[in-house]
Structure formats: C-alpha cells, structure tokens
Amino acid sequence: MSAIRRVARQISLLAALLLAAGAVAGIAHAQAAIAAGPGVAGRAATVPVSGILNGVAAVSARDAWAVGTTDPLGTLILHWNGTAWQRVPSPAAKHGRLFAVAASSARDAWAVGTDLGRALIVHWNGAAWHRVRAPSQAGSTILQGVAALSARDAWAVGMTGILRWNGTAWRQVRAPSDAAGELTAVTATSSRNAWAVGTAGILRWNGTAWTRVRRPGFAHGSLYGVTATSAANAWAVGTSFARCPTVGRTLILHWNGTAWKRMPSPNPPSNPQGNWLFAVAATSVGRAWAVGGTSVTEPTSGTLILRWNGTAWRRVRSPSPRGGPNLFGVAGESANTAWAVGGTTSSSPGSVVILRWNGTTWKRVL
C-alpha cells in the first residue's frame, strides 16, 4: 500500500508496472479493439485494449487527446476526431510512459512522462508528435503533470520539481525549499496564476515565484489532481487517511480566491482500500468533475465519478467493466460533453477504459 501512496498518480504508475509484468500476454486481438485509424505510412493502426490511459485533454467536441501506456510497455497516444478514437504514432513509443496531456489549441498540445528514467516531453504541432528536450537532471525523473496556456507558455511538474516552456525551451523553475516531495498535477489560468499539487502540498505561482500555500482539513494524505477556471476558483482532489493509514477517503479542496477549504465529498460503502480521486476538471464555477476508483488494485475495484453541481458534490453512476477499473484522467469540454479515461489495474495485461458524458449519462466508448 505504501508504494501506491508514494508515487504520484500512484496507481497509474503501479498499473504501468503491471502491464510490463504481463507483457508475455501480448496485445489483445485486433477484433477486440473498438476503433481504428491511420498509422505510420498509411497503415491502419488498431487501438489496443491492452494498456492504460492516465490523462485526457479536450480542445473541442471534435478534438481531444488521451495518453498512457500500452502493453508491452510503451507510450500510447489516442486522438478523438469527433467520430472515433484513433491511435496516433508517438515518439519514444518503445520504452516510454505518458502520464498527462494538455492542449491550448488544435496545433499545440503537450504530453509528459518518463523514458528509461529520464523526463519525457512530447509536443503536437498540428501535424505530428515530436520529442522535445527536457532540462538535464540528476537521478530518475518522472513528469506527471502538464498545463498549456499558449504556444509560448506551459508548465510541467514531477518528481524533481517544476519546468516551464517559454516558447523556445523548457527551463527549470525554482520551487520553495520546504516543498520537498513529488508534484503530481499542475494547472494555470494566466501567466500570473498557476497551481501545483502533490505530496509536496499545494504550491502557487503568482507571476514571479512559486510559494507554498496552507492545505486545510487533513493531516495525512496526498493530492493528485488540480484544476482552475480563474484566480478565484480552483479545485484539488486526492485521498486522505485520517481514520486508517491503509484505507483512503475521497479528498476535495476548493479555492475561493482567498483560502483553500475542504469540501464534503461522497464515499461509497467500505471496501478493502477505500476510495481514491486522481483527477479533477472544471468548466465553470458551477460545474466540475472528479474521477478515481474504489479499492484501487483489488479485483472488486470500480470507477468512481463525482460531480459538482454548484452546491454539493454528488456521485454519478458510471460503467465499471471487469478487471478492477480505475479512472486517472478527466476533461470537461462543455455541460454536455466530458471524457474520463483509465484502465483495469487488478489484472495483467490491463484494458484501456474511455467513458463519455453526453449530458445525461456516462457511457463506455472504449
């Protein structure tokens, strides 16, 4: 259990290791796939069901990205064109893993992760994904969160700190000296307002420097996801361990422009590992989604989706395919369209899961 708590997007990383261990099982048969699209040199590229998705970003109703890890171990990038999800060729496909994706336009998207212990950053320019050099850092490096404001301004966070894109290169940005630990997610609404969260706590960018912000309402736990719509509205989600060191409870914090406050959040009935929230997305002050899972790596685990209706967080029914599914990424494009992605983590190889909100219900697309 400690390994799950220790690694940002802990369970998604664990799932990636499970996929590697199950590589002998190979890729599922092509007929098991649900969608297909153009691949290298015009060949069809079948979307594998063996793998896991860790992040999703939506530009419009006809343009969305999902990234993760495939089995055998390698990067996985999928694109939604308004009709179907298609696999897109990605750099470092053999050994890399991708944990987050963000897009500022149809011609500007970033995905981050790790490749053989080194930071992995890839960029979409409207035509193809290309690997972009990351600053050299000592030791193993994993980037787990990314936010894109424009073609000249983006953030990435991970185990070894904070990086910023200035339109030409990625540079290391100093973090508070007392913010030791991992950062798992980052969001930004302007060049003067950004948030980063993780086991390091909550950090805020004010346009000049990153500073630590007091986190309220819990002593033990971690934050895995963060989103913001303005300088006066932000959400952070994760898991707390106030009652038991091995059983998680959903954790949701809200920033109102002045302070962070813990918000009441649903917790399904007791299960072996409790309930976990890994990602959050907000489209406005009155609309937000939080996703995760129950029991995490147990065969009995299931998808968990919560919705903010402007007054309270409520659980929304969501499909839970066999194999212990968890959701690690969410993106809200509008009131009638949202995406949640993840995979099964209690079996190896795991299976990709993509859910779509149509304004009324969540349905499985992949």
# chains A, B, ... in the order shown; residues from 1 in each chain; ligands from 1
>>> select_by_dssp(residues="range 179-280 of chain A", states="strand (DSSP E or B)", output="ChimeraX atom specification")
/A:183-190,193-198,201-205,210-213,221-230,233-240,248-255,260-263,274-280
>>> write_last_selection(atoms="C-alpha atoms", output="compact mmCIF listing (two decimals), in the first residue's frame")
# COMPACT_ATOMS: atom_id res chain seq x y z
CA LEU A 183 4.28 17.14 -7.60
CA THR A 184 1.61 15.25 -9.49
CA ALA A 185 -0.51 17.87 -11.25
CA VAL A 186 -0.44 21.48 -12.40
CA THR A 187 -3.00 23.95 -13.77
CA ALA A 188 -2.81 27.56 -14.94
CA THR A 189 -5.33 30.23 -15.92
CA SER A 190 -2.86 33.01 -16.79
CA ASN A 193 -1.91 32.33 -11.76
CA ALA A 194 -0.96 28.66 -11.55
CA TRP A 195 -1.28 25.85 -9.02
CA ALA A 196 0.72 22.64 -8.47
CA VAL A 197 -0.18 19.84 -6.04
CA GLY A 198 1.18 16.53 -4.79
CA GLY A 201 1.38 20.00 -0.71
CA ILE A 202 -0.06 22.98 -2.58
CA LEU A 203 2.12 25.49 -4.43
CA ARG A 204 1.02 28.72 -6.10
CA TRP A 205 2.60 30.75 -8.91
CA TRP A 210 6.22 29.63 -6.51
CA THR A 211 5.18 29.70 -2.85
CA ARG A 212 3.69 27.14 -0.52
CA VAL A 213 0.03 27.56 0.43
CA GLY A 221 -2.90 12.00 2.51
CA SER A 222 -1.97 13.37 -0.88
CA LEU A 223 -3.39 15.50 -3.68
CA TYR A 224 -3.29 14.03 -7.20
CA GLY A 225 -5.28 16.44 -9.36
CA VAL A 226 -5.87 20.19 -9.67
CA THR A 227 -7.89 22.47 -11.96
CA ALA A 228 -8.76 26.17 -12.08
CA THR A 229 -11.06 28.39 -14.11
CA SER A 230 -9.91 31.72 -12.66
CA ASN A 233 -11.96 29.30 -8.47
CA ALA A 234 -9.80 26.18 -8.22
CA TRP A 235 -10.27 22.57 -7.15
CA ALA A 236 -7.78 19.98 -5.86
CA VAL A 237 -8.56 16.30 -5.27
CA GLY A 238 -6.87 13.30 -3.73
CA THR A 239 -7.10 10.87 -0.84
CA SER A 240 -6.87 11.31 2.92
CA GLY A 248 -8.34 6.07 1.66
CA ARG A 249 -11.21 8.53 1.68
CA THR A 250 -12.08 10.99 -1.05
CA LEU A 251 -10.50 14.40 -0.53
CA ILE A 252 -11.70 17.57 -2.28
CA LEU A 253 -10.44 21.10 -1.63
CA HIS A 254 -11.77 24.37 -3.07
CA TRP A 255 -10.00 27.72 -3.57
CA TRP A 260 -8.45 26.64 0.44
CA LYS A 261 -11.34 24.89 2.17
CA ARG A 262 -12.10 21.19 2.44
CA MET A 263 -15.46 20.30 0.91
CA GLY A 274 -11.18 2.86 0.40
CA ASN A 275 -11.88 5.48 -2.25
CA TRP A 276 -9.42 7.48 -4.32
CA LEU A 277 -9.71 10.56 -6.52
CA PHE A 278 -6.98 11.02 -9.14
CA ALA A 279 -8.14 13.86 -11.38
CA VAL A 280 -10.47 16.85 -11.50
>>> residues_around(residues="Trp339 in chain A", least_positions_apart="4", cutoff="10 Å", atoms="only C-alpha atoms", output="list of chain:residue names")
A:Gly55, A:Val56, A:Ala57, A:Ala58, A:Ala64, A:Trp65, A:Ala66, A:Ala281, A:Trp289, A:Gly329, A:Val330, A:Ala331, A:Gly332, A:Glu333, A:Ile354, A:Leu355, A:Arg356, A:Trp357, A:Asn358, A:Trp362, A:Lys363, A:Arg364, A:Val365
>>> write_last_selection(atoms="C-alpha atoms", output="PDB file, in the first residue's frame")
ATOM      1  CA  GLY A  55      -4.606  11.654 -18.893  1.00  0.00           C
ATOM      2  CA  VAL A  56      -7.078  13.334 -21.249  1.00  0.00           C
ATOM      3  CA  ALA A  57      -7.455  16.853 -22.667  1.00  0.00           C
ATOM      4  CA  ALA A  58     -10.271  18.284 -24.787  1.00  0.00           C
ATOM      5  CA  ALA A  64      -9.419  15.541 -27.777  1.00  0.00           C
ATOM      6  CA  TRP A  65      -6.290  13.678 -26.691  1.00  0.00           C
ATOM      7  CA  ALA A  66      -5.712  10.749 -24.327  1.00  0.00           C
ATOM      8  CA  ALA A 281     -11.733  19.137 -14.266  1.00  0.00           C
ATOM      9  CA  TRP A 289     -15.928  16.557 -12.335  1.00  0.00           C
ATOM     10  CA  GLY A 329      -7.940  11.472 -16.109  1.00  0.00           C
ATOM     11  CA  VAL A 330     -10.946  13.684 -16.812  1.00  0.00           C
ATOM     12  CA  ALA A 331     -11.695  16.583 -19.151  1.00  0.00           C
ATOM     13  CA  GLY A 332     -14.880  18.651 -19.332  1.00  0.00           C
ATOM     14  CA  GLU A 333     -15.439  20.228 -22.736  1.00  0.00           C
ATOM     15  CA  ILE A 354     -12.726   5.570 -22.009  1.00  0.00           C
ATOM     16  CA  LEU A 355     -16.042   6.932 -20.752  1.00  0.00           C
ATOM     17  CA  ARG A 356     -18.069   9.794 -22.259  1.00  0.00           C
ATOM     18  CA  TRP A 357     -20.651  12.097 -20.663  1.00  0.00           C
ATOM     19  CA  ASN A 358     -23.462  13.020 -23.051  1.00  0.00           C
ATOM     20  CA  TRP A 362     -21.756   8.268 -18.670  1.00  0.00           C
ATOM     21  CA  LYS A 363     -21.257   5.585 -21.304  1.00  0.00           C
ATOM     22  CA  ARG A 364     -18.248   3.462 -22.187  1.00  0.00           C
ATOM     23  CA  VAL A 365     -16.735   4.299 -25.566  1.00  0.00           C
TER      24      VAL A 365
END
>>> residues_around(residues="Asn309 in chain A", least_positions_apart="4", cutoff="8 Å", atoms="only C-alpha atoms", output="list in words")
Gly286, Arg287, Ala288, Trp313 and Arg314 of chain A
>>> residues_around(residues="Thr294 in chain A", least_positions_apart="6", cutoff="9 Å", atoms="only C-alpha atoms", output="ChimeraX atom specification")
/A:268,271-277,300-304,324-326
>>> atom_distance(atom1="CA of Ala93 in chain A", atom2="CA of Ile162 in chain A")
24.2 Å
>>> atom_distance(atom1="CA of Ile142 in chain A", atom2="CA of Pro321 in chain A")
29.3 Å
>>> residues_around(residues="Val112 in chain A", least_positions_apart="5", cutoff="6 Å", atoms="only C-alpha atoms", output="list in words")
Leu98, Ala100, Leu120, Ile121 and Leu143 of chain A
>>> write_last_selection(atoms="N, CA and C atoms", output="PDB file, in the first residue's frame")
ATOM      1  N   LEU A  98       3.536   7.766 -20.637  1.00  0.00           N
ATOM      2  CA  LEU A  98       2.977   9.116 -20.580  1.00  0.00           C
ATOM      3  C   LEU A  98       1.914   9.178 -19.491  1.00  0.00           C
ATOM      4  N   ALA A 100       0.365  12.493 -18.483  1.00  0.00           N
ATOM      5  CA  ALA A 100      -0.514  13.658 -18.535  1.00  0.00           C
ATOM      6  C   ALA A 100      -0.456  14.304 -19.908  1.00  0.00           C
ATOM      7  N   LEU A 120      10.305  12.675 -20.024  1.00  0.00           N
ATOM      8  CA  LEU A 120       9.838  12.566 -21.406  1.00  0.00           C
ATOM      9  C   LEU A 120       8.837  13.678 -21.670  1.00  0.00           C
ATOM     10  N   ILE A 121       9.114  14.490 -22.690  1.00  0.00           N
ATOM     11  CA  ILE A 121       8.207  15.561 -23.103  1.00  0.00           C
ATOM     12  C   ILE A 121       8.001  15.460 -24.604  1.00  0.00           C
ATOM     13  N   LEU A 143       7.912  13.044 -15.042  1.00  0.00           N
ATOM     14  CA  LEU A 143       6.997  14.179 -15.115  1.00  0.00           C
ATOM     15  C   LEU A 143       5.577  13.632 -15.106  1.00  0.00           C
TER      16      LEU A 143
END
>>> closest_residue(among="A:His220, A:Gly323, A:Arg118, A:Gly207", to="Gly350 in chain A", atoms="only C-alpha atoms")
A:Gly323
>>> atom_distance(atom1="CA of Ala147 in chain A", atom2="CA of Phe328 in chain A")
16.0 Å
>>> decode(residues="range 332-350 of chain A", atoms="N, CA and C atoms", output="short mmCIF file (atom, residue, chain, number, x, y, z; two decimals), in the first residue's frame")
data_model
loop_
_atom_site.label_atom_id
_atom_site.label_comp_id
_atom_site.auth_asym_id
_atom_site.auth_seq_id
_atom_site.Cartn_x
_atom_site.Cartn_y
_atom_site.Cartn_z
N GLY A 332 -13.52 18.18 -19.08
CA GLY A 332 -14.88 18.65 -19.33
C GLY A 332 -14.88 19.67 -20.45
N GLU A 333 -15.44 19.32 -21.59
CA GLU A 333 -15.44 20.23 -22.74
C GLU A 333 -16.62 21.19 -22.68
N SER A 334 -17.76 20.71 -22.16
CA SER A 334 -18.95 21.54 -22.02
C SER A 334 -19.90 20.85 -21.05
N ALA A 335 -21.07 21.43 -20.84
CA ALA A 335 -22.06 20.82 -19.94
C ALA A 335 -22.55 19.49 -20.47
N ASN A 336 -22.46 19.31 -21.79
CA ASN A 336 -22.98 18.08 -22.40
C ASN A 336 -21.90 17.13 -22.88
N THR A 337 -20.63 17.49 -22.68
CA THR A 337 -19.55 16.62 -23.14
C THR A 337 -18.41 16.61 -22.14
N ALA A 338 -18.05 15.42 -21.70
CA ALA A 338 -16.90 15.25 -20.83
C ALA A 338 -16.31 13.87 -21.09
N TRP A 339 -15.01 13.73 -20.81
CA TRP A 339 -14.32 12.46 -21.01
C TRP A 339 -13.67 12.02 -19.70
N ALA A 340 -13.68 10.72 -19.44
CA ALA A 340 -12.95 10.14 -18.31
C ALA A 340 -12.19 8.93 -18.84
N VAL A 341 -10.91 8.82 -18.48
CA VAL A 341 -10.09 7.74 -19.00
C VAL A 341 -9.36 7.01 -17.88
N GLY A 342 -9.00 5.78 -18.15
CA GLY A 342 -8.27 4.98 -17.16
C GLY A 342 -8.00 3.60 -17.68
N GLY A 343 -8.18 2.61 -16.82
CA GLY A 343 -7.93 1.24 -17.23
C GLY A 343 -8.14 0.29 -16.07
N THR A 344 -8.05 -1.00 -16.36
CA THR A 344 -8.17 -2.01 -15.32
C THR A 344 -6.80 -2.26 -14.72
N THR A 345 -6.73 -2.36 -13.38
CA THR A 345 -5.44 -2.46 -12.70
C THR A 345 -5.28 -3.71 -11.85
N SER A 346 -6.31 -4.54 -11.76
CA SER A 346 -6.19 -5.73 -10.93
C SER A 346 -5.80 -6.96 -11.74
N SER A 347 -5.68 -6.80 -13.04
CA SER A 347 -5.29 -7.91 -13.90
C SER A 347 -4.21 -7.46 -14.86
N SER A 348 -3.46 -8.40 -15.38
CA SER A 348 -2.41 -8.07 -16.33
C SER A 348 -2.51 -9.03 -17.51
N PRO A 349 -2.57 -8.50 -18.74
CA PRO A 349 -2.49 -7.08 -19.08
C PRO A 349 -3.78 -6.33 -18.74
N GLY A 350 -3.64 -5.03 -18.54
CA GLY A 350 -4.80 -4.21 -18.25
C GLY A 350 -5.52 -3.81 -19.53
#
